[in-house]
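Right, one structure below, let's go through it.
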Amino acid sequence: MTTTRPRQGRPRHTPSSDPGTSARDQILDAAGALFVERGIGGTSTRMIAERVGIRQASLYYHFATKEDILAELLATSVRPSLRMMERIGALVPERAEPAAALYAVAAMDVRTLSRTSYNIGTLYLLPEVRAERFDAFRAERDRLQAGYGALGALAATGDVARSMPAERIGELLIQLVEVVIQIRRSREPEPADTDAIASSCLRLCGLDERAVARARGGADVLLSGSDRPTS
């Protein structure tokens with residue numbers, strides 16, 4: 001019986017700048033940085049390959065088009081937070097307070113948008129992202145926004161709980177979290193920014209400072225262990 005060997009990419013032009021990172025991840029990092037710097041139209045697959053130090057043909061072994069690369073970058077920017085939203089949301093209200101869950105998800109989301117070497121959130125604003133090709137990304141972001149709305153409505157108190165539907169709360173909360181994208185335009189986010197944004201999400205829902213502090217402590221428990229993101 002003949003065994004078919006997996007197809008291999010061509011050798012590199014130059015040695016990898018980061019031998020511990022896969023070629024696929026290096027392509028994503030290089031493309032993300034170029035897309036942020038130059039936009040999609042101003043970036044070619046040749047430029048991406050040259051930045052990584054591989055042949056253009058080797059790039060096509062991993063991704064057929066630069067739009068495929070963009071789709072993967074967009075997915076990796078929203079899926080960790082969406083998974084966290086689904087995991088923690090399933091604990092509410094029996095095993096987790098809504099306010100603590102909201103703080104935890106917001107903190108995770110800010111960290112996801114902060115930890116790439118380039119400002120990944122600016123890719124959301126590219127005109128190409130409105131194309132049908134990226135419907136899956138927009139659907140996942142809509143699910144994340146709906147999750148914010150559901151948690152925010154459960155956590156809301158006072159006038160906020162009485163005056164705003166969950167859809168509007170989710171709209172406001174996700175925009176508040178994504179302010180970190182604007183912060184990255186002028187400086188690198190700090191751990192204090194994560195707390196400031198997550199706490200502001202709770203204040204938007206009407207929580208006072210004592211309730212915010214209690215939720216922060218509960219979020220630490222929810223984010224502890226292997227699921228806790230790094231700052």
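If you're wondering about the labels, chains in the structure tokens are A, B, ... by order shown, residues count from 1 in each chain, ligands from 1 in order shown.
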message: With only C-alpha atoms as the counted atoms, please give the residues lying no more than 9 Å from Val110 (chain A), apart from itself and same-chain residues fewer than 4 positions off, as a list in words.
response: Ser81, Val105, Ala106, Ser114, Arg115, Val177, Glu178, Val179, Val180, Ile181, Asp193, Thr194, Ile197 and Ala198 of chain A
Keeping only N, CA and C atoms, write those residues as a PDB file, in the first residue's frame.
```pdb
ATOM      1  N   SER A  81     -12.818  35.783  22.975  1.00  0.00           N
ATOM      2  CA  SER A  81     -13.784  36.468  23.826  1.00  0.00           C
ATOM      3  C   SER A  81     -15.161  35.840  23.704  1.00  0.00           C
ATOM      4  N   VAL A 105     -15.497  38.962  31.185  1.00  0.00           N
ATOM      5  CA  VAL A 105     -15.505  38.910  29.721  1.00  0.00           C
ATOM      6  C   VAL A 105     -14.928  40.193  29.131  1.00  0.00           C
ATOM      7  N   ALA A 106     -15.289  41.332  29.700  1.00  0.00           N
ATOM      8  CA  ALA A 106     -14.761  42.596  29.192  1.00  0.00           C
ATOM      9  C   ALA A 106     -13.240  42.641  29.334  1.00  0.00           C
ATOM     10  N   SER A 114      -5.433  43.730  22.913  1.00  0.00           N
ATOM     11  CA  SER A 114      -4.205  44.441  23.290  1.00  0.00           C
ATOM     12  C   SER A 114      -2.933  43.654  23.043  1.00  0.00           C
ATOM     13  N   ARG A 115      -3.009  42.322  22.988  1.00  0.00           N
ATOM     14  CA  ARG A 115      -1.778  41.550  23.109  1.00  0.00           C
ATOM     15  C   ARG A 115      -1.060  41.271  21.799  1.00  0.00           C
ATOM     16  N   VAL A 177     -15.678  48.508  25.325  1.00  0.00           N
ATOM     17  CA  VAL A 177     -14.533  47.593  25.344  1.00  0.00           C
ATOM     18  C   VAL A 177     -13.562  47.924  24.211  1.00  0.00           C
ATOM     19  N   GLU A 178     -14.100  48.211  23.044  1.00  0.00           N
ATOM     20  CA  GLU A 178     -13.245  48.439  21.871  1.00  0.00           C
ATOM     21  C   GLU A 178     -12.584  49.813  21.857  1.00  0.00           C
ATOM     22  N   VAL A 179     -12.792  50.606  22.907  1.00  0.00           N
ATOM     23  CA  VAL A 179     -12.051  51.855  23.017  1.00  0.00           C
ATOM     24  C   VAL A 179     -10.550  51.578  23.112  1.00  0.00           C
ATOM     25  N   VAL A 180     -10.194  50.346  23.525  1.00  0.00           N
ATOM     26  CA  VAL A 180      -8.767  49.990  23.580  1.00  0.00           C
ATOM     27  C   VAL A 180      -8.119  50.075  22.193  1.00  0.00           C
ATOM     28  N   ILE A 181      -8.913  49.911  21.144  1.00  0.00           N
ATOM     29  CA  ILE A 181      -8.380  50.062  19.784  1.00  0.00           C
ATOM     30  C   ILE A 181      -7.889  51.492  19.582  1.00  0.00           C
ATOM     31  N   ASP A 193      -5.503  49.954  32.259  1.00  0.00           N
ATOM     32  CA  ASP A 193      -6.535  50.239  31.254  1.00  0.00           C
ATOM     33  C   ASP A 193      -7.571  49.125  31.215  1.00  0.00           C
ATOM     34  N   THR A 194      -7.116  47.884  31.378  1.00  0.00           N
ATOM     35  CA  THR A 194      -8.049  46.754  31.381  1.00  0.00           C
ATOM     36  C   THR A 194      -9.061  46.905  32.499  1.00  0.00           C
ATOM     37  N   ILE A 197     -11.510  49.915  31.831  1.00  0.00           N
ATOM     38  CA  ILE A 197     -12.549  49.648  30.830  1.00  0.00           C
ATOM     39  C   ILE A 197     -13.585  48.675  31.361  1.00  0.00           C
ATOM     40  N   ALA A 198     -13.118  47.574  31.981  1.00  0.00           N
ATOM     41  CA  ALA A 198     -14.064  46.590  32.519  1.00  0.00           C
ATOM     42  C   ALA A 198     -14.930  47.203  33.619  1.00  0.00           C
TER      43      ALA A 198
END
```
task: Fewer than 3 positions away in the same chain doesn't count, so skip those; otherwise give me all residues within 12 Å of Glu140 (chain A), counting only C-alpha atoms, as a PyMOL selection string.
output: chain A and resi 71+74-83+85-86+134-137+143-147
query: By how many Å are CA of Arg214 (chain A) and CA of Gln175 (chain A) apart?
result: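 For CA of Arg214 (chain A) relative to CA of Gln175 (chain A), the distance reads 23.6 Å.
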Could you produce a table of the residues of region 142-195 of chain A lying within 9 Å of region 201-204 of chain A, with the nearest pair of atoms per residue and their separation in Å rounded to one decimal, using only C-alpha atoms, ordered by chain and increasing residue number, as JSON lines?
```
{"residue": "A:Gly152", "atom": "CA", "partner": "A:Leu202", "partner_atom": "CA", "distance": 7.8}
{"residue": "A:Ala155", "atom": "CA", "partner": "A:Leu202", "partner_atom": "CA", "distance": 7.8}
{"residue": "A:Ala156", "atom": "CA", "partner": "A:Leu202", "partner_atom": "CA", "distance": 7.9}
{"residue": "A:Val160", "atom": "CA", "partner": "A:Leu204", "partner_atom": "CA", "distance": 7.9}
{"residue": "A:Ile169", "atom": "CA", "partner": "A:Leu204", "partner_atom": "CA", "distance": 8.6}
{"residue": "A:Leu172", "atom": "CA", "partner": "A:Leu204", "partner_atom": "CA", "distance": 8.5}
{"residue": "A:Leu173", "atom": "CA", "partner": "A:Cys201", "partner_atom": "CA", "distance": 6.0}
{"residue": "A:Ile174", "atom": "CA", "partner": "A:Cys201", "partner_atom": "CA", "distance": 8.9}
{"residue": "A:Leu176", "atom": "CA", "partner": "A:Cys201", "partner_atom": "CA", "distance": 6.9}
{"residue": "A:Val177", "atom": "CA", "partner": "A:Cys201", "partner_atom": "CA", "distance": 7.7}
```
Just N, CA, C and O atoms for this one: save the residues we selected as a compact mmCIF listing (two decimals), in the first residue's frame.
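Written file, out_35.txt:
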```txt
# COMPACT_ATOMS: atom_id res chain seq x y z
N GLY A 152 -25.17 42.36 30.50
CA GLY A 152 -25.40 43.73 30.97
C GLY A 152 -26.81 43.92 31.50
O GLY A 152 -27.01 44.59 32.52
N ALA A 155 -27.01 42.35 34.89
CA ALA A 155 -26.24 43.07 35.91
C ALA A 155 -26.80 44.46 36.20
O ALA A 155 -26.54 45.02 37.27
N ALA A 156 -27.55 45.01 35.26
CA ALA A 156 -28.00 46.41 35.36
C ALA A 156 -28.89 46.64 36.58
O ALA A 156 -29.66 45.78 36.99
N VAL A 160 -30.89 52.26 34.60
CA VAL A 160 -30.38 51.55 33.42
C VAL A 160 -31.23 50.32 33.15
O VAL A 160 -31.64 50.06 32.01
N ILE A 169 -27.88 47.92 25.42
CA ILE A 169 -26.79 47.75 26.39
C ILE A 169 -25.61 47.05 25.73
O ILE A 169 -24.45 47.46 25.88
N LEU A 172 -23.63 49.39 23.47
CA LEU A 172 -22.79 50.33 24.20
C LEU A 172 -21.59 49.64 24.84
O LEU A 172 -20.47 50.17 24.84
N LEU A 173 -21.83 48.45 25.41
CA LEU A 173 -20.74 47.76 26.10
C LEU A 173 -19.62 47.35 25.15
O LEU A 173 -18.44 47.52 25.46
N ILE A 174 -19.97 46.81 23.98
CA ILE A 174 -18.90 46.37 23.08
C ILE A 174 -18.12 47.56 22.54
O ILE A 174 -16.89 47.49 22.34
N LEU A 176 -17.59 50.28 24.25
CA LEU A 176 -16.74 50.69 25.37
C LEU A 176 -15.50 49.81 25.46
O LEU A 176 -14.38 50.30 25.65
N VAL A 177 -15.68 48.51 25.32
CA VAL A 177 -14.53 47.59 25.34
C VAL A 177 -13.56 47.92 24.21
O VAL A 177 -12.34 47.94 24.40
```
- request: List the neighbours of region 38-50 of chain A out to 9 Å using only C-alpha atoms; skip same-chain residues closer than 3 positions along the sequence, and give me the result as a VMD selection string.
  value: chain A and resid 13 27 to 28 30 to 31 33 to 35 53 to 60 65 to 67 70 123 126 128
Could those selected residues go to a file with N, CA and C atoms, as a short mmCIF file (atom, residue, chain, number, x, y, z; two decimals), in the first residue's frame?
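To be explicit, this is the file written out as selection07.cif:
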```cif
data_model
loop_
_atom_site.label_atom_id
_atom_site.label_comp_id
_atom_site.auth_asym_id
_atom_site.auth_seq_id
_atom_site.Cartn_x
_atom_site.Cartn_y
_atom_site.Cartn_z
N HIS A 13 13.61 31.50 1.99
CA HIS A 13 14.70 32.30 1.46
C HIS A 13 15.72 32.60 2.55
N ILE A 27 3.12 34.20 9.16
CA ILE A 27 2.40 34.82 8.05
C ILE A 27 1.27 35.71 8.58
N LEU A 28 0.52 35.20 9.55
CA LEU A 28 -0.57 35.98 10.13
C LEU A 28 -0.05 37.25 10.78
N ALA A 30 2.80 38.87 10.20
CA ALA A 30 3.33 39.79 9.19
C ALA A 30 2.20 40.45 8.41
N ALA A 31 1.21 39.67 8.03
CA ALA A 31 0.08 40.22 7.27
C ALA A 31 -0.71 41.21 8.11
N ALA A 33 0.31 43.10 10.56
CA ALA A 33 1.06 44.36 10.67
C ALA A 33 0.99 45.15 9.37
N LEU A 34 1.13 44.47 8.24
CA LEU A 34 1.08 45.16 6.94
C LEU A 34 -0.33 45.70 6.65
N PHE A 35 -1.34 44.93 6.97
CA PHE A 35 -2.71 45.39 6.75
C PHE A 35 -3.00 46.65 7.56
N GLY A 53 10.09 36.11 5.25
CA GLY A 53 11.33 35.48 4.81
C GLY A 53 11.11 34.15 4.13
N ILE A 54 9.96 34.02 3.45
CA ILE A 54 9.65 32.79 2.72
C ILE A 54 9.33 33.14 1.27
N ARG A 55 9.32 32.12 0.42
CA ARG A 55 8.90 32.33 -0.96
C ARG A 55 7.39 32.56 -1.02
N GLN A 56 6.97 33.30 -2.03
CA GLN A 56 5.54 33.57 -2.20
C GLN A 56 4.75 32.26 -2.35
N ALA A 57 5.34 31.30 -3.06
CA ALA A 57 4.66 30.01 -3.25
C ALA A 57 4.44 29.30 -1.91
N SER A 58 5.35 29.48 -0.97
CA SER A 58 5.18 28.85 0.35
C SER A 58 4.01 29.47 1.11
N LEU A 59 3.80 30.76 0.92
CA LEU A 59 2.65 31.42 1.55
C LEU A 59 1.35 30.79 1.05
N TYR A 60 1.28 30.50 -0.26
CA TYR A 60 0.06 29.93 -0.83
C TYR A 60 -0.20 28.51 -0.32
N THR A 65 -5.38 33.25 -0.55
CA THR A 65 -5.46 34.68 -0.88
C THR A 65 -5.19 35.51 0.37
N LYS A 66 -4.94 36.79 0.16
CA LYS A 66 -4.76 37.66 1.32
C LYS A 66 -6.08 37.88 2.05
N GLU A 67 -7.21 37.72 1.35
CA GLU A 67 -8.51 37.79 2.01
C GLU A 67 -8.71 36.64 2.98
N LEU A 70 -6.88 37.67 6.06
CA LEU A 70 -7.66 38.65 6.82
C LEU A 70 -8.80 37.96 7.57
N LEU A 123 -8.40 46.51 12.02
CA LEU A 123 -8.84 45.76 10.85
C LEU A 123 -10.36 45.76 10.72
N LEU A 126 -11.59 48.38 8.19
CA LEU A 126 -11.22 48.35 6.78
C LEU A 126 -12.47 48.18 5.91
N GLU A 128 -12.95 46.68 3.21
CA GLU A 128 -13.09 45.33 2.67
C GLU A 128 -13.86 44.40 3.59
#
```
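Across the model, the gap from CA of Ser22 (chain A) to CA of Tyr124 (chain A) is 25.0 Å.
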- prompt: Using only C-alpha atoms, which of A:Cys205, A:Leu222, A:Ala64, A:Ala166 sits nearest Glu97 (chain A)?
  reply: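 Closest candidate: A:Leu222.
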field: Nearest candidate to Arg185 (chain A) (options A:Gly217, A:Pro165, A:Gly158, A:Gly121; using only C-alpha atoms)
entry: A:Gly121
- request: Figure out the distance between CA of Met108 (chain A) and CA of Leu125 (chain A), please, to one decimal in Å.
  value: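 Between CA of Leu125 (chain A) and CA of Met108 (chain A) the gap works out to 21.1 Å.
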- prompt: For Pro93 (chain A), which of A:Leu151, A:Glu167, A:Ala213, A:Arg111 is the closest residue, counting only C-alpha atoms?
  reply: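 For Pro93 (chain A), the nearest of the given residues is A:Leu151.
Shortest separation to Gly149 (chain A) among A:Leu102, A:Ile183, A:Ala219, A:Val129 occurs at residue A:Leu102, atoms counted being only C-alpha atoms.
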